[in-house]
file query39.cif (mmCIF, C-alpha atoms and all ligand atoms)
data_entry
loop_
_atom_site.label_atom_id
_atom_site.label_comp_id
_atom_site.auth_asym_id
_atom_site.auth_seq_id
_atom_site.Cartn_x
_atom_site.Cartn_y
_atom_site.Cartn_z
CA MET A 26 -7.08 -17.00 11.43
CA ILE A 27 -10.18 -17.46 13.60
CA LYS A 28 -8.76 -14.94 16.04
CA SER A 29 -8.26 -12.44 13.22
CA LEU A 30 -11.90 -12.76 12.24
CA GLU A 31 -13.08 -12.23 15.79
CA GLU A 32 -10.90 -9.14 15.91
CA LEU A 33 -12.44 -7.94 12.67
CA GLN A 34 -15.93 -8.36 14.08
CA LYS A 35 -14.99 -6.33 17.15
CA LEU A 36 -13.47 -3.66 14.96
CA LYS A 37 -16.66 -3.51 12.95
CA GLU A 38 -18.77 -2.98 16.05
CA GLU A 39 -16.46 -0.24 17.33
CA GLN A 40 -16.57 1.40 13.95
CA LEU A 41 -20.34 1.36 13.70
CA GLU A 42 -20.56 2.81 17.19
CA ALA A 43 -18.15 5.58 16.15
CA ILE A 44 -20.26 6.33 13.07
CA ARG A 45 -23.38 6.61 15.23
CA LEU A 46 -21.63 8.93 17.68
CA ARG A 47 -20.49 11.47 15.10
CA GLU A 48 -23.06 11.45 12.37
CA ALA A 49 -22.41 14.96 11.17
CA GLU A 50 -18.94 15.43 12.56
CA GLN A 51 -16.08 15.39 10.07
CA LYS A 52 -13.24 12.95 10.03
CA VAL A 53 -9.60 13.62 10.68
CA ARG A 54 -7.61 12.90 7.53
CA ILE A 55 -4.02 11.71 7.22
CA VAL A 56 -2.43 11.67 3.77
CA VAL A 57 0.89 9.96 2.98
CA GLY A 58 2.81 10.71 -0.26
CA MET A 59 3.59 7.49 -2.12
CA GLY A 60 5.55 8.04 -5.37
CA THR A 61 8.46 5.75 -6.19
CA CYS A 62 10.99 8.03 -4.51
CA GLY A 63 8.68 8.40 -1.50
CA ILE A 64 8.51 4.62 -1.28
CA ALA A 65 12.30 4.37 -1.59
CA ALA A 66 12.63 6.96 1.18
CA GLY A 67 10.48 4.90 3.57
CA ALA A 68 6.92 6.16 2.96
CA ARG A 69 5.46 2.68 3.30
CA GLU A 70 7.08 2.17 6.70
CA VAL A 71 5.63 5.53 7.71
CA MET A 72 2.20 4.37 6.55
CA ALA A 73 2.59 1.06 8.43
CA ALA A 74 3.54 2.89 11.64
CA ILE A 75 0.59 5.28 11.34
CA LEU A 76 -1.84 2.39 10.82
CA ASP A 77 -0.36 0.48 13.74
CA GLU A 78 -0.66 3.52 16.00
CA LEU A 79 -4.27 4.21 14.92
CA GLY A 80 -5.11 0.54 15.44
CA LYS A 81 -3.60 0.42 18.93
CA ARG A 82 -5.38 3.59 19.95
CA HIS A 83 -8.69 2.50 18.38
CA LEU A 84 -8.84 5.79 16.49
CA THR A 85 -11.74 4.76 14.31
CA SER A 86 -12.57 8.28 13.14
CA VAL A 87 -9.35 8.81 11.19
CA ALA A 88 -9.34 8.31 7.41
CA VAL A 89 -5.99 7.42 5.89
CA THR A 90 -5.20 8.02 2.24
CA GLN A 91 -2.12 7.85 0.11
CA THR A 92 -1.45 10.08 -2.82
CA GLY A 93 0.92 9.61 -5.75
CA CYS A 94 3.97 11.74 -6.26
CA VAL A 95 3.59 15.38 -5.29
CA GLY A 96 6.96 16.49 -6.64
CA LEU A 97 8.60 17.32 -3.32
CA CYS A 98 11.23 14.63 -3.50
CA ALA A 99 13.78 16.20 -1.20
CA GLN A 100 11.27 16.35 1.66
CA GLU A 101 9.94 12.83 1.31
CA PRO A 102 8.35 10.95 3.09
CA LEU A 103 5.57 13.52 3.42
CA VAL A 104 2.60 13.29 5.75
CA ASP A 105 -0.39 15.68 5.77
CA VAL A 106 -2.67 15.97 8.77
CA ILE A 107 -6.02 17.68 8.27
CA LEU A 108 -8.10 18.17 11.41
CA PRO A 109 -11.76 19.05 10.79
CA GLY A 110 -12.10 22.80 10.17
CA LYS A 111 -8.33 23.34 10.32
CA PRO A 112 -5.89 24.01 7.48
CA ARG A 113 -3.71 21.21 6.16
CA VAL A 114 -0.37 20.74 7.90
CA THR A 115 2.41 18.99 5.93
CA TYR A 116 5.27 17.23 7.68
CA GLY A 117 8.47 16.40 5.78
CA LYS A 118 11.23 13.78 6.17
CA VAL A 119 8.97 11.71 8.35
CA ASP A 120 10.13 8.31 9.61
CA ALA A 121 8.21 5.64 11.50
CA ASN A 122 9.10 7.13 14.87
CA LYS A 123 8.11 10.69 13.91
CA ALA A 124 4.91 9.31 12.39
CA ARG A 125 3.92 7.76 15.73
CA GLN A 126 4.57 11.07 17.50
CA ILE A 127 2.52 12.93 14.91
CA VAL A 128 -0.41 10.62 15.67
CA ALA A 129 0.05 10.99 19.43
CA GLN A 130 0.54 14.77 19.47
CA HIS A 131 -1.22 16.22 16.47
CA VAL A 132 -4.03 13.76 15.73
CA VAL A 133 -4.90 12.93 19.33
CA ASN A 134 -4.07 16.16 21.16
CA GLY A 135 -4.31 18.67 18.33
CA ILE A 136 -0.79 19.97 18.97
CA VAL A 137 1.19 20.70 15.79
CA ILE A 138 4.86 19.62 15.96
CA SER A 139 6.18 22.79 14.32
CA GLU A 140 9.80 21.79 13.87
CA TRP A 141 8.90 19.06 11.35
CA VAL A 142 6.35 21.12 9.41
CA VAL A 143 7.35 21.95 5.83
CA ASN A 144 4.12 23.53 4.64
CA ARG A 145 0.75 24.79 5.89
CA GLY A 146 -2.46 25.31 3.97
CA GLU A 147 -4.41 28.58 4.16
CA ALA A 148 -6.53 29.06 7.25
CA MET B 2 14.42 -1.69 -3.45
CA GLU B 3 15.16 -3.87 -0.47
CA GLU B 4 11.93 -5.86 -0.61
CA LEU B 5 9.86 -7.43 -3.35
CA ALA B 6 6.87 -5.94 -1.53
CA LEU B 7 8.24 -2.43 -2.22
CA HIS B 8 8.57 -3.17 -5.94
CA LEU B 9 5.01 -4.46 -5.78
CA LEU B 10 3.83 -1.27 -4.16
CA ASP B 11 5.39 0.60 -7.09
CA LEU B 12 3.39 -1.50 -9.54
CA LEU B 13 0.23 -0.96 -7.49
CA GLU B 14 0.83 2.79 -7.50
CA ASN B 15 1.15 2.67 -11.30
CA ALA B 16 -2.11 0.75 -11.58
CA LEU B 17 -3.90 3.17 -9.25
CA ALA B 18 -2.48 6.14 -11.17
CA ALA B 19 -3.92 4.56 -14.33
CA GLY B 20 -7.37 4.58 -12.72
CA ALA B 21 -7.62 0.84 -12.03
CA ARG B 22 -10.72 -0.40 -10.18
CA HIS B 23 -9.62 -4.02 -9.95
CA ILE B 24 -6.12 -5.28 -9.33
CA LEU B 25 -5.04 -8.89 -9.17
CA ILE B 26 -1.67 -9.69 -7.62
CA THR B 27 -0.29 -13.21 -7.87
CA ILE B 28 2.95 -14.49 -6.45
CA GLU B 29 3.98 -18.02 -7.26
CA GLU B 30 6.92 -19.78 -5.73
CA ASP B 31 7.79 -22.92 -7.63
CA ALA B 32 10.74 -24.55 -5.87
CA GLU B 33 10.88 -27.47 -8.31
CA ARG B 34 11.45 -25.19 -11.27
CA ASP B 35 13.41 -22.73 -9.13
CA ARG B 36 11.13 -19.92 -10.25
CA LEU B 37 9.39 -17.00 -8.62
CA THR B 38 6.69 -15.32 -10.70
CA VAL B 39 5.09 -12.03 -9.69
CA THR B 40 2.13 -10.75 -11.68
CA VAL B 41 0.12 -7.56 -11.32
CA GLN B 42 -2.89 -7.18 -13.55
CA ASP B 43 -5.08 -4.09 -13.60
CA ASP B 44 -8.07 -2.72 -15.49
CA GLY B 45 -6.76 0.83 -15.73
CA ARG B 46 -6.41 2.92 -18.85
CA GLY B 47 -3.54 0.87 -20.25
CA MET B 48 -0.90 1.92 -22.74
CA GLY B 49 -0.91 2.04 -26.52
CA ALA B 50 1.65 0.50 -28.89
CA GLU B 51 3.50 3.82 -28.84
CA ALA B 52 3.92 4.09 -25.10
CA LEU B 53 4.39 0.44 -24.17
CA PRO B 54 7.99 -0.06 -25.36
CA LYS B 55 8.98 3.19 -23.65
CA ALA B 56 7.49 2.36 -20.28
CA LEU B 57 10.62 0.49 -19.17
CA ASP B 58 12.86 3.43 -20.01
CA PRO B 59 13.71 5.36 -16.85
CA PHE B 60 13.61 8.59 -18.85
CA TYR B 61 10.04 7.94 -19.91
CA THR B 62 7.18 9.00 -17.68
CA THR B 63 3.76 10.53 -18.15
CA ARG B 64 4.00 12.10 -14.73
CA THR B 65 4.29 15.87 -14.68
CA THR B 66 5.98 16.23 -11.31
CA ARG B 67 9.43 15.11 -12.44
CA LYS B 68 11.43 13.97 -15.43
CA VAL B 69 12.15 10.33 -14.59
CA GLY B 70 9.86 7.37 -14.02
CA LEU B 71 11.66 4.72 -12.05
CA GLY B 72 9.14 2.18 -10.83
CA LEU B 73 9.20 -0.25 -13.75
CA SER B 74 12.87 0.12 -14.64
CA LEU B 75 13.92 -0.55 -11.03
CA PHE B 76 11.85 -3.72 -10.87
CA GLN B 77 13.17 -4.83 -14.26
CA ALA B 78 16.74 -4.35 -13.01
CA THR B 79 16.00 -6.51 -9.96
CA ALA B 80 14.38 -9.25 -12.08
CA VAL B 81 17.26 -9.37 -14.57
CA GLN B 82 19.81 -9.33 -11.76
CA CYS B 83 18.06 -12.37 -10.29
CA GLY B 84 18.14 -14.42 -13.50
CA GLY B 85 14.69 -13.46 -14.74
CA THR B 86 12.79 -10.95 -16.82
CA LEU B 87 10.07 -8.35 -16.58
CA SER B 88 7.46 -8.17 -19.30
CA LEU B 89 4.57 -5.83 -19.96
CA GLU B 90 1.33 -6.39 -21.79
CA SER B 91 -1.15 -3.61 -22.17
CA CYS B 92 -4.19 -2.65 -24.13
CA PRO B 93 -5.52 0.91 -24.16
CA GLY B 94 -8.80 1.13 -22.31
CA GLN B 95 -8.54 -2.42 -21.01
CA GLY B 96 -5.63 -2.65 -18.64
CA THR B 97 -2.09 -3.70 -18.09
CA ARG B 98 -0.32 -6.81 -16.95
CA VAL B 99 3.20 -6.83 -15.58
CA VAL B 100 4.94 -10.17 -15.11
CA ALA B 101 8.29 -10.46 -13.38
CA THR B 102 10.17 -13.71 -13.01
CA MET B 103 13.19 -14.45 -10.86
CA LYS B 104 15.25 -17.43 -9.82
CA LEU B 105 13.97 -18.47 -6.42
CA SER B 106 17.44 -19.56 -5.31
CA HIS B 107 19.26 -16.47 -6.57
CA PRO B 108 21.48 -15.01 -3.83
CA ASP B 109 20.48 -11.45 -4.77
CA LEU B 110 16.75 -12.12 -4.60
CA PRO B 111 15.29 -9.53 -2.21
CA PRO B 112 13.14 -10.88 0.63
CA LEU B 113 9.38 -10.75 0.13
CA GLY B 114 9.13 -8.10 2.85
CA ASP B 115 6.07 -6.50 4.36
CA MET B 116 3.27 -7.45 1.97
CA GLY B 117 0.69 -6.52 4.61
CA ALA B 118 1.85 -2.89 4.66
CA THR B 119 2.03 -2.83 0.85
CA ILE B 120 -1.58 -3.96 0.40
CA ALA B 121 -2.87 -1.77 3.24
CA THR B 122 -1.12 1.20 1.65
CA ALA B 123 -2.67 0.52 -1.75
CA LEU B 124 -6.12 0.30 -0.13
CA SER B 125 -5.73 3.60 1.70
CA ARG B 126 -7.80 5.78 -0.59
CA GLU B 127 -11.23 7.35 -0.96
CA GLU B 128 -11.99 5.95 -4.40
CA PRO B 129 -12.87 2.28 -4.12
CA VAL B 130 -10.45 -0.27 -5.53
CA GLU B 131 -10.72 -4.02 -5.35
CA ILE B 132 -7.51 -5.86 -4.71
CA VAL B 133 -7.10 -9.61 -4.80
CA TYR B 134 -3.79 -11.07 -3.64
CA ARG B 135 -2.98 -14.73 -4.22
CA HIS B 136 0.26 -16.22 -3.01
CA ARG B 137 1.09 -19.78 -3.90
CA ARG B 138 3.98 -21.78 -2.49
CA GLY B 139 4.13 -25.26 -3.93
CA MET B 140 0.81 -26.84 -3.02
CA ARG B 141 -0.24 -24.22 -0.47
CA GLU B 142 -1.95 -20.92 -1.04
CA PHE B 143 -2.85 -17.78 0.83
CA GLN B 144 -5.49 -15.47 -0.53
CA PHE B 145 -6.80 -12.04 0.43
CA SER B 146 -9.63 -10.19 -1.23
CA SER B 147 -10.58 -6.63 -0.34
CA ALA B 148 -14.07 -7.23 -1.77
CA TRP B 149 -14.61 -9.96 0.81
CA LEU B 150 -13.50 -7.56 3.55
CA GLN B 151 -15.73 -4.77 2.23
CA LEU B 152 -18.68 -7.15 2.16
CA HIS B 153 -17.99 -8.05 5.76
CA LEU B 154 -17.63 -4.41 6.84
CA GLY B 155 -20.75 -3.18 5.06
CA GLU B 156 -21.01 0.60 5.28
CA ILE B 157 -17.65 1.05 7.01
CA PRO B 158 -15.00 2.45 4.66
CA LEU B 159 -11.83 0.41 4.19
CA ASN B 160 -9.56 3.40 4.55
CA CYS B 161 -10.17 3.86 8.26
CA GLY B 162 -6.92 3.52 10.23
CA PRO B 163 -7.77 0.53 12.44
CA VAL B 164 -9.30 -1.41 9.51
CA LEU B 165 -6.15 -0.97 7.40
CA ASP B 166 -4.07 -1.92 10.42
CA TRP B 167 -6.11 -5.12 10.65
CA VAL B 168 -5.45 -5.71 6.93
CA GLN B 169 -1.69 -5.46 7.32
CA ARG B 170 -1.64 -7.78 10.31
CA TYR B 171 -4.06 -10.27 8.71
CA ILE B 172 -1.97 -10.58 5.55
CA ASN B 173 1.32 -10.91 7.39
CA LYS B 174 -0.18 -13.54 9.68
CA GLY B 175 -1.53 -15.47 6.68
CA LEU B 176 1.86 -15.35 4.99
CA ALA B 177 3.63 -16.43 8.17
CA GLU B 178 1.37 -19.49 8.18
CA LEU B 179 2.12 -20.10 4.52
CA TYR B 180 5.81 -20.09 5.39
CA GLY B 181 5.18 -22.54 8.19
CA GLY B 182 5.12 -20.10 11.10
CA ASP B 183 8.38 -18.51 10.04
CA ALA B 184 7.34 -14.91 9.27
CA LYS B 185 8.23 -13.40 5.86
N1 LIG C 201 -0.28 -0.15 -14.87
C1 LIG C 201 -0.08 0.85 -15.75
N2 LIG C 201 -1.11 1.30 -16.52
C2 LIG C 201 -0.93 2.32 -17.41
N3 LIG C 201 0.25 2.95 -17.61
C3 LIG C 201 1.31 2.54 -16.88
C4 LIG C 201 1.21 1.46 -15.93
N4 LIG C 201 2.41 1.27 -15.37
C5 LIG C 201 3.23 2.18 -15.94
N5 LIG C 201 2.59 2.95 -16.85
C6 LIG C 201 3.17 4.03 -17.67
O1 LIG C 201 4.57 3.85 -17.71
C7 LIG C 201 5.26 5.01 -17.22
C8 LIG C 201 6.50 4.58 -16.46
O2 LIG C 201 6.16 3.90 -15.24
P1 LIG C 201 7.19 3.88 -14.04
O3 LIG C 201 6.58 3.21 -12.88
O4 LIG C 201 8.48 3.31 -14.52
O5 LIG C 201 7.42 5.41 -13.72
P2 LIG C 201 6.37 6.47 -13.13
O6 LIG C 201 5.23 5.76 -12.50
O7 LIG C 201 6.08 7.43 -14.23
O8 LIG C 201 7.23 7.22 -12.02
P3 LIG C 201 7.72 6.58 -10.62
O9 LIG C 201 7.40 5.12 -10.65
O10 LIG C 201 9.19 6.84 -10.58
O11 LIG C 201 6.98 7.28 -9.54
C9 LIG C 201 4.22 5.72 -16.37
O12 LIG C 201 4.47 7.11 -16.33
C10 LIG C 201 2.92 5.40 -17.09
O13 LIG C 201 2.73 6.29 -18.18
S1 LIG C 202 7.69 10.63 -5.12
FE1 LIG C 202 9.22 12.02 -4.66
S2 LIG C 202 8.96 13.75 -5.84
FE2 LIG C 202 7.38 12.36 -6.30
MG MG C 203 5.61 4.15 -11.10
#

call {"tool": "encode", "arguments": {"input": "query39.cif", "output": "structure tokens"}}
result
Amino acid sequence: MIKSLEELQKLKEEQLEAIRLREAEQKVRIVVGMGTCGIAAGAREVMAAILDELGKRHLTSVAVTQTGCVGLCAQEPLVDVILPGKPRVTYGKVDANKARQIVAQHVVNGIVISEWVVNRGEA
Amino acid sequence: MEELALHLLDLLENALAAGARHILITIEEDAERDRLTVTVQDDGRGMGAEALPKALDPFYTTRTTRKVGLGLSLFQATAVQCGGTLSLESCPGQGTRVVATMKLSHPDLPPLGDMGATIATALSREEPVEIVYRHRRGMREFQFSSAWLQLHLGEIPLNCGPVLDWVQRYINKGLAELYGGDAK
């Protein structure tokens, strides 16, 4: 457990540094749908994979939120990516593997993976 | 659900949907009495005497996005299948407590599963929520408190990716130690 606490301290320092670097700059947001059928379809594994990927890449400027049911059962698990100043992009039928690619391509490089997109917000 | 942790996430989602600010999760494994007890207590809006008996009915839901509400009835089915029960206590304006019991030795008992991911998921939100998780196994106990973490982090929000990733790993490591190095 000592090692975990040291890790936490390091994380905290990285995070504070990141906050200093982008005072005004907005955060990237990732939203995962988490109703009961989303959970049954693997939404929590998707969340776990996203967190793991963000942790490994030290992506401290990404906020992750879950939302309750959004009534799009057939497309679940759903993941929204909102880059600062860009419209919301919704991915459907995401699994852990797709989730990792969404982080690598969309969140890091800003490249939307069109074939998995089920919805886009207004520009 | 294949894991108890997924049922728990369902209960946490219910508590969050009810506007809970504080959630206490306790899991107790009592090998002597062959009993597993899972409790989730929240301070959300609660349910009145009208709604409470209906909450376990899969065709009852206050959600507007679809006609069925499955979270509680699924967990009840698992508990009953495993020689136990699920009970609900609630008071409007004060909160809700869900208690599920199961036989620890029951062959159909789902594995605990990824509690780290479950708690990290419940904490991934803008609105602050305090979650305490206590897991007792015989004489030993593991405990996690999000308030403690928030205190440690100061101004840093909990719902930042790497922080939540730390949470899931921290909890799973703590549980692995509770189970004597044998994860989950
Ligand atoms: N912790 C709670 N506090 C207040 N009300 C609750 C709580 N848990 C459940 N309820 C009420 O009981 C209903 C049934 O809950 P249940 O989890 O079975 O289904 P649901 O949450 O409506 O839908 P689903 O779980 O399938 O996404 C809810 O719609 C809600 O009105
Ligand atoms: S969780 Fe699937 S439609 Fe709501
Ligand atoms: Mg529910």

call {"tool": "interface_residues", "arguments": {"input": "query39.cif", "of": "chain A", "to": "chain B", "cutoff": "6 Å", "atoms": "all atoms listed in the file", "output": "ChimeraX atom specification"}}
result
/A:61,73,76-77,79-80,87-91,96

call {"tool": "closest_residue", "arguments": {"input": "query39.cif", "among": "B:Glu131, B:Cys92, B:Phe145, B:Thr79", "to": "B:Pro112", "atoms": "all atoms listed in the file"}}
result
B:Thr79

call {"tool": "residues_near_ligand", "arguments": {"input": "query39.cif", "ligand": "ligand LIG 202 (chain C)", "cutoff": "8 Å", "atoms": "all atoms listed in the file", "output": "JSON list (two decimals) with C-alpha atoms, in the frame of the given file"}}
result
[["chain", "number", "residue", "atom", "x", "y", "z"],
["A", 58, "GLY", "CA", 2.81, 10.71, -0.26],
["A", 59, "MET", "CA", 3.59, 7.49, -2.12],
["A", 60, "GLY", "CA", 5.55, 8.04, -5.37],
["A", 61, "THR", "CA", 8.46, 5.75, -6.19],
["A", 62, "CYS", "CA", 10.99, 8.03, -4.51],
["A", 63, "GLY", "CA", 8.68, 8.40, -1.50],
["A", 64, "ILE", "CA", 8.51, 4.62, -1.28],
["A", 93, "GLY", "CA", 0.92, 9.61, -5.75],
["A", 94, "CYS", "CA", 3.97, 11.74, -6.26],
["A", 95, "VAL", "CA", 3.59, 15.38, -5.29],
["A", 96, "GLY", "CA", 6.96, 16.49, -6.64],
["A", 97, "LEU", "CA", 8.60, 17.32, -3.32],
["A", 98, "CYS", "CA", 11.23, 14.63, -3.50],
["A", 99, "ALA", "CA", 13.78, 16.20, -1.20],
["A", 100, "GLN", "CA", 11.27, 16.35, 1.66],
["A", 101, "GLU", "CA", 9.94, 12.83, 1.31],
["A", 102, "PRO", "CA", 8.35, 10.95, 3.09],
["B", 66, "THR", "CA", 5.98, 16.23, -11.31],
["B", 67, "ARG", "CA", 9.43, 15.11, -12.44]]

call {"tool": "closest_residue", "arguments": {"input": "query39.cif", "among": "A:Thr92, A:Glu70, A:Lys123, A:Ile44", "to": "ligand LIG 201 (chain C)", "atoms": "all atoms listed in the file"}}
result
A:Thr92

call {"tool": "closest_residue", "arguments": {"input": "query39.cif", "among": "B:Val41, B:Leu13, B:Ile28, B:Ala52", "to": "B:Arg98", "atoms": "all atoms listed in the file"}}
result
B:Val41

call {"tool": "atom_distance", "arguments": {"input": "query39.cif", "atom1": "atom CA of B:Glu29", "atom2": "atom CA of A:Ala74"}}
result
28.2 Å

call {"tool": "residues_around", "arguments": {"input": "query39.cif", "residues": "stretch 136-138 of chain B", "least_positions_apart": "3", "cutoff": "9 Å", "atoms": "only C-alpha atoms", "output": "list in words"}}
result
Ile26, Thr27, Ile28, Glu29, Glu30, Asp31, Ala32, Arg141, Glu142, Phe143, Gln144, Phe145, Leu176, Leu179 and Tyr180 of chain B

call {"tool": "residues_near_point", "arguments": {"input": "query39.cif", "point": "(9.4, 18.0, 4.4)", "cutoff": "6 Å", "atoms": "only C-alpha atoms", "output": "list in words"}}
result
Gln100, Leu103, Tyr116, Gly117, Lys118 and Val143 of chain A

call {"tool": "closest_residue", "arguments": {"input": "query39.cif", "among": "A:Val137, A:Ala65, A:Glu31, A:Met72", "to": "ligand LIG 201 (chain C)", "atoms": "all atoms listed in the file"}}
result
A:Ala65

call {"tool": "atom_distance", "arguments": {"input": "query39.cif", "atom1": "atom CA of B:Leu25", "atom2": "atom O12 of ligand LIG 201 (chain C)"}}
result
19.9 Å

call {"tool": "atom_distance", "arguments": {"input": "query39.cif", "atom1": "atom CA of B:Thr38", "atom2": "atom CA of B:Pro111"}}
result
13.4 Å

call {"tool": "residues_around", "arguments": {"input": "query39.cif", "residues": "B:Gly94", "least_positions_apart": "3", "cutoff": "12 Å", "atoms": "only C-alpha atoms", "output": "list of chain:residue names"}}
result
B:Ala19, B:Gly20, B:Ala21, B:Asp43, B:Asp44, B:Gly45, B:Arg46, B:Gly47, B:Met48, B:Gly49, B:Ser91, B:Thr97

call {"tool": "residues_around", "arguments": {"input": "query39.cif", "residues": "A:Lys111", "least_positions_apart": "5", "cutoff": "12 Å", "atoms": "only C-alpha atoms", "output": "list in words"}}
result
Gln51, Lys52, Val53, Arg54, Asp105, Val106, His131, Val132, Gly135, Ile136, Val137, Arg145, Gly146, Glu147 and Ala148 of chain A

call {"tool": "axis_aligned_box", "arguments": {"input": "query39.cif", "around": "ligand LIG 201 (chain C)", "padding_each_side": "8 Å", "output": "JSON"}}
result
{"center_x": 4.0, "center_y": 3.6, "center_z": -13.9, "size_x": 26.3, "size_y": 23.6, "size_z": 24.6}

call {"tool": "closest_residue", "arguments": {"input": "query39.cif", "among": "B:Val130, B:Leu113, B:Arg36, B:Phe76", "to": "B:Ala16", "atoms": "only C-alpha atoms"}}
result
B:Val130

call {"tool": "decode", "arguments": {"input": "query39.cif", "residues": "stretch 126-137 of chain A", "atoms": "N, CA and C atoms", "output": "PDB file, in the first residue's frame"}}
result
ATOM      1  N   GLN A 126      -8.745   2.411 -28.389  1.00  0.00           N
ATOM      2  CA  GLN A 126      -8.428   3.064 -29.668  1.00  0.00           C
ATOM      3  C   GLN A 126      -9.030   4.461 -29.740  1.00  0.00           C
ATOM      4  N   ILE A 127     -10.211   4.619 -29.134  1.00  0.00           N
ATOM      5  CA  ILE A 127     -10.830   5.948 -29.115  1.00  0.00           C
ATOM      6  C   ILE A 127      -9.945   6.922 -28.338  1.00  0.00           C
ATOM      7  N   VAL A 128      -9.383   6.450 -27.222  1.00  0.00           N
ATOM      8  CA  VAL A 128      -8.465   7.319 -26.463  1.00  0.00           C
ATOM      9  C   VAL A 128      -7.246   7.645 -27.325  1.00  0.00           C
ATOM     10  N   ALA A 129      -6.648   6.626 -27.930  1.00  0.00           N
ATOM     11  CA  ALA A 129      -5.405   6.823 -28.685  1.00  0.00           C
ATOM     12  C   ALA A 129      -5.619   7.722 -29.896  1.00  0.00           C
ATOM     13  N   GLN A 130      -6.715   7.484 -30.645  1.00  0.00           N
ATOM     14  CA  GLN A 130      -6.927   8.232 -31.887  1.00  0.00           C
ATOM     15  C   GLN A 130      -7.616   9.561 -31.653  1.00  0.00           C
ATOM     16  N   HIS A 131      -8.780   9.495 -31.020  1.00  0.00           N
ATOM     17  CA  HIS A 131      -9.618  10.687 -30.932  1.00  0.00           C
ATOM     18  C   HIS A 131      -9.125  11.648 -29.845  1.00  0.00           C
ATOM     19  N   VAL A 132      -8.931  11.110 -28.632  1.00  0.00           N
ATOM     20  CA  VAL A 132      -8.560  11.988 -27.517  1.00  0.00           C
ATOM     21  C   VAL A 132      -7.137  12.518 -27.690  1.00  0.00           C
ATOM     22  N   VAL A 133      -6.218  11.649 -28.065  1.00  0.00           N
ATOM     23  CA  VAL A 133      -4.819  12.083 -28.173  1.00  0.00           C
ATOM     24  C   VAL A 133      -4.557  12.807 -29.496  1.00  0.00           C
ATOM     25  N   ASN A 134      -4.994  12.221 -30.610  1.00  0.00           N
ATOM     26  CA  ASN A 134      -4.645  12.799 -31.916  1.00  0.00           C
ATOM     27  C   ASN A 134      -5.745  13.636 -32.552  1.00  0.00           C
ATOM     28  N   GLY A 135      -6.919  13.631 -31.944  1.00  0.00           N
ATOM     29  CA  GLY A 135      -8.020  14.431 -32.490  1.00  0.00           C
ATOM     30  C   GLY A 135      -8.646  13.856 -33.752  1.00  0.00           C
ATOM     31  N   ILE A 136      -8.378  12.571 -34.016  1.00  0.00           N
ATOM     32  CA  ILE A 136      -8.937  11.951 -35.223  1.00  0.00           C
ATOM     33  C   ILE A 136     -10.169  11.123 -34.858  1.00  0.00           C
ATOM     34  N   VAL A 137     -11.327  11.523 -35.407  1.00  0.00           N
ATOM     35  CA  VAL A 137     -12.580  10.815 -35.126  1.00  0.00           C
ATOM     36  C   VAL A 137     -12.577   9.467 -35.862  1.00  0.00           C
TER      37      VAL A 137
END
